[in-house]
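This report concerns only the one structure given below.
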Number of protein chains: 2
Amino acid sequence: MVESTERFPALRVTLQDESEITASVASEFPVTIMLNNRELVTLLCSPSHLEYLAAGFLASEGFITARDDIRNISVDEKLGLVRVDARETGDPDDGQIFRRVITSGCGRGAYFYSAADTTGTRVDLPASISAEEVFTLAQRFQHNSELYPATHGVHSAALFEKQDVLVFSDDIGRHNAIDKVFGRCLLEGIPTEGRGVITTGRVTSEILHKVVKRGIPILISLSAPTNLGVRIADALGITLIASVRGRKMHVYTGDWRLESASGVPRSGL
Amino acid sequence: MVESTERFPALRVTLQDESEITASVASEFPVTIMLNNRELVTLLCSPSHLEYLAAGFLASEGFITARDDIRNISVDEKLGLVRVDARETGDPDDGQIFRRVITSGCGRGAYFYSAADTTGTRVDLPASISAEEVFTLAQRFQHNSELYPATHGVHSAALFEKQDVLVFSDDIGRHNAIDKVFGRCLLEGIPTEGRGVITTGRVTSEILHKVVKRGIPILISLSAPTNLGVRIADALGITLIASVRGRKMHVYTGDWRLESASGVPRSGL
């Protein structure tokens, strides 16, 4: 059985000290739903109760309406596959699902299935940041949003260098916020390579997919990562700092880019 | 121009008193990206800087790689349309976007474009809850998750009746958590009609899409709604209680289902 959490070594850093901890992070698991032998959708989810997920998804999307519509559900946890044999009732919500709609929360087409998919795209750029700079940056970053204090309903993302916010955006979708930052950089010729990205959102595989394309060596999140987020950051050589709250943070990967308070250089991982 | 926030009247309720307030909520806006005259994707987003969003999305998904690839971008805010004329470079990430992948945050196929799409599916079931029950429920609900305290990286959802959690689920995706609840209800024959749903996630149009299908008259969120969330709940006759924090909450729609502390019945909206 795939576990719902995975434990990683991390560096817990405050202004005063550092300690090595073991952090539990939520597992992110791609599951493909096959309805009557056709591939319907792949969801990134927590790897538990996949039969509930499949039944609920099919009902929510209008493929089925009642218990009796389902003839059989079989879950192959190892392959991440749920096969549903069902009597399909009615229109699956006007075929909207086939319009490749991607929504606010929110879904994006491409992601890594595993760290192994990332071969050849490492971000080996030098860059460094100190704990003090991270905390100052996080504070400035949070003060940039006009929408959040008003609505408590948006995510923010920014390109940064050291403690300075360079390009800021917010959006109801955490993916959109990052795309708006990179889109502006692209259109206005603002370089991203070697610079950092900070986000309020959780760090899932899709976020890594975006930042590696822009040559971002340092990714900071005020929220938590998933296990794929950590594994992929590690495989890509990206420094992942997450769960920045107040004057506390966890460094999950690439801690050689974090300047030591004592000034003593760290060895590479 | 479409505004990034919209103001709604709401009832601010504590154990001691109620007051009518005006709440700002984030706008949720469907935007379709057309690449070289073909419809590529529809994103639910905040309605600002749509040219950045389109450019960033195309770059993140591998359709373009540099500024020069874009010949023209035109934004029609009224129609929610961004037309991009571009030289397409390389494979759009192995065509993954066309595999209808839906991800952790996260996207789901179907949603309402506006309250007008919801005709005919009102939830006119009687149901009621008191402020005290909401606060007790919210507390019990939050104590149900084993994953959240460990990881800070999951959403939770539950079917409830009054202050009792009946079916609970958590998942890295807020949509998945709700689908797992409904899927279990479907497979185990647990009735949902006339019962409530509580979620840690924001209330966007897609969440309404799910709960109305199961005949849920009361939707409670510990987070904020979007403007479409409020508008659609209103059009569907669903009682939307959101931003439940400590002993404070906002009732956005259908406040006739909230039992008055004084015992005096409320009039319908």
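Note on naming: chains are A, B, ... as they come in the structure tokens, residues start from 1 per chain, ligands start from 1 in the order shown.
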
* **Selection near B:Cys185, 9 Å with only C-alpha atoms, sequence-local residues under 4 positions removed, as a count of residues only** => 10

* Using DSSP on the backbone, list every residue of stretch 165-248 of chain B that comes out as strand (DSSP E), and give them as an MDAnalysis selection string. => chainID B and resid 165:171 196:199 218:221 239:245 248

Now that the selection is made, can you save its residues with N, CA, C and O atoms as a compact mmCIF listing (two decimals), in the first residue's frame?
```txt
# COMPACT_ATOMS: atom_id res chain seq x y z
N VAL B 165 -20.08 15.03 12.55
CA VAL B 165 -19.38 14.62 11.34
C VAL B 165 -19.80 13.19 11.02
O VAL B 165 -19.61 12.29 11.85
N LEU B 166 -20.35 12.96 9.83
CA LEU B 166 -20.83 11.62 9.48
C LEU B 166 -19.81 10.86 8.63
O LEU B 166 -19.52 9.70 8.88
N VAL B 167 -19.31 11.51 7.60
CA VAL B 167 -18.34 10.87 6.69
C VAL B 167 -17.22 11.87 6.46
O VAL B 167 -17.48 13.00 6.01
N PHE B 168 -15.99 11.46 6.73
CA PHE B 168 -14.86 12.39 6.68
C PHE B 168 -13.82 11.91 5.67
O PHE B 168 -13.61 10.71 5.51
N SER B 169 -13.18 12.85 5.01
CA SER B 169 -12.07 12.47 4.15
C SER B 169 -11.05 13.59 4.06
O SER B 169 -11.41 14.77 4.14
N ASP B 170 -9.80 13.24 3.89
CA ASP B 170 -8.85 14.29 3.50
C ASP B 170 -8.02 13.85 2.30
O ASP B 170 -7.92 12.66 1.97
N ASP B 171 -7.49 14.84 1.62
CA ASP B 171 -6.77 14.59 0.36
C ASP B 171 -5.96 15.84 0.04
O ASP B 171 -6.33 16.93 0.45
N GLY B 196 -25.48 18.38 5.30
CA GLY B 196 -24.55 19.45 4.97
C GLY B 196 -23.17 18.93 4.60
O GLY B 196 -22.83 17.77 4.86
N VAL B 197 -22.39 19.80 3.98
CA VAL B 197 -20.98 19.49 3.68
C VAL B 197 -20.12 20.60 4.26
O VAL B 197 -20.44 21.79 4.13
N ILE B 198 -19.04 20.20 4.93
CA ILE B 198 -18.08 21.17 5.46
C ILE B 198 -16.72 20.90 4.82
O ILE B 198 -16.36 19.74 4.59
N THR B 199 -15.98 21.95 4.51
CA THR B 199 -14.69 21.81 3.82
C THR B 199 -13.69 22.82 4.36
O THR B 199 -14.08 23.90 4.81
N ILE B 218 -26.77 22.88 2.89
CA ILE B 218 -25.90 23.75 3.68
C ILE B 218 -24.44 23.41 3.38
O ILE B 218 -24.00 22.27 3.54
N LEU B 219 -23.69 24.44 2.96
CA LEU B 219 -22.27 24.27 2.65
C LEU B 219 -21.49 25.20 3.57
O LEU B 219 -21.73 26.41 3.60
N ILE B 220 -20.55 24.62 4.31
CA ILE B 220 -19.75 25.39 5.26
C ILE B 220 -18.28 25.28 4.89
O ILE B 220 -17.78 24.20 4.61
N SER B 221 -17.59 26.41 4.90
CA SER B 221 -16.16 26.40 4.61
C SER B 221 -15.40 27.16 5.68
O SER B 221 -15.85 28.20 6.16
N THR B 239 -27.48 27.34 1.40
CA THR B 239 -26.98 28.19 2.47
C THR B 239 -25.46 28.09 2.51
O THR B 239 -24.91 27.00 2.70
N LEU B 240 -24.80 29.23 2.28
CA LEU B 240 -23.33 29.24 2.25
C LEU B 240 -22.79 29.98 3.47
O LEU B 240 -22.99 31.19 3.61
N ILE B 241 -22.14 29.22 4.33
CA ILE B 241 -21.49 29.78 5.52
C ILE B 241 -20.00 29.62 5.31
O ILE B 241 -19.52 28.51 5.06
N ALA B 242 -19.24 30.72 5.36
CA ALA B 242 -17.81 30.60 5.07
C ALA B 242 -17.00 31.40 6.07
O ALA B 242 -17.55 32.07 6.95
N SER B 243 -15.68 31.30 5.91
CA SER B 243 -14.76 32.01 6.79
C SER B 243 -15.04 31.74 8.26
O SER B 243 -15.03 32.65 9.08
N VAL B 244 -15.32 30.47 8.57
CA VAL B 244 -15.55 30.09 9.97
C VAL B 244 -14.19 30.04 10.66
O VAL B 244 -13.34 29.23 10.30
N ARG B 245 -13.98 30.94 11.60
CA ARG B 245 -12.69 30.99 12.31
C ARG B 245 -12.98 31.26 13.77
O ARG B 245 -13.58 32.27 14.09
N LYS B 248 -16.52 32.79 14.97
CA LYS B 248 -16.96 33.86 14.09
C LYS B 248 -17.21 33.26 12.72
O LYS B 248 -16.48 32.36 12.29
```

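Checking B:Asn144, B:Thr89, B:Thr136, B:Ser4 one by one against B:Thr65, counting only C-alpha atoms, you find the shortest gap at B:Thr89.
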
* To do: Grab the atom CA of B:Leu186 to atom CA of A:Ala55 distance for me, in Å with one decimal place.
  =>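 Separation of atom CA of B:Leu186 and atom CA of A:Ala55: 7.2 Å.
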
* For B:Arg71, which residue among A:Leu187, A:Arg247, A:Tyr252, A:Ile21 is the nearest when counting only C-alpha atoms? ->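 That would be A:Leu187, the residue with the smallest distance to B:Arg71.
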
* Asked: Looking at only C-alpha atoms, which of A:Arg202, A:His209, A:His155, A:Arg122 is the one that sits closest to A:Ile238?
  ->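 Of A:Arg202, A:His209, A:His155, A:Arg122, the one nearest A:Ile238 is A:Arg122, counting only C-alpha atoms.
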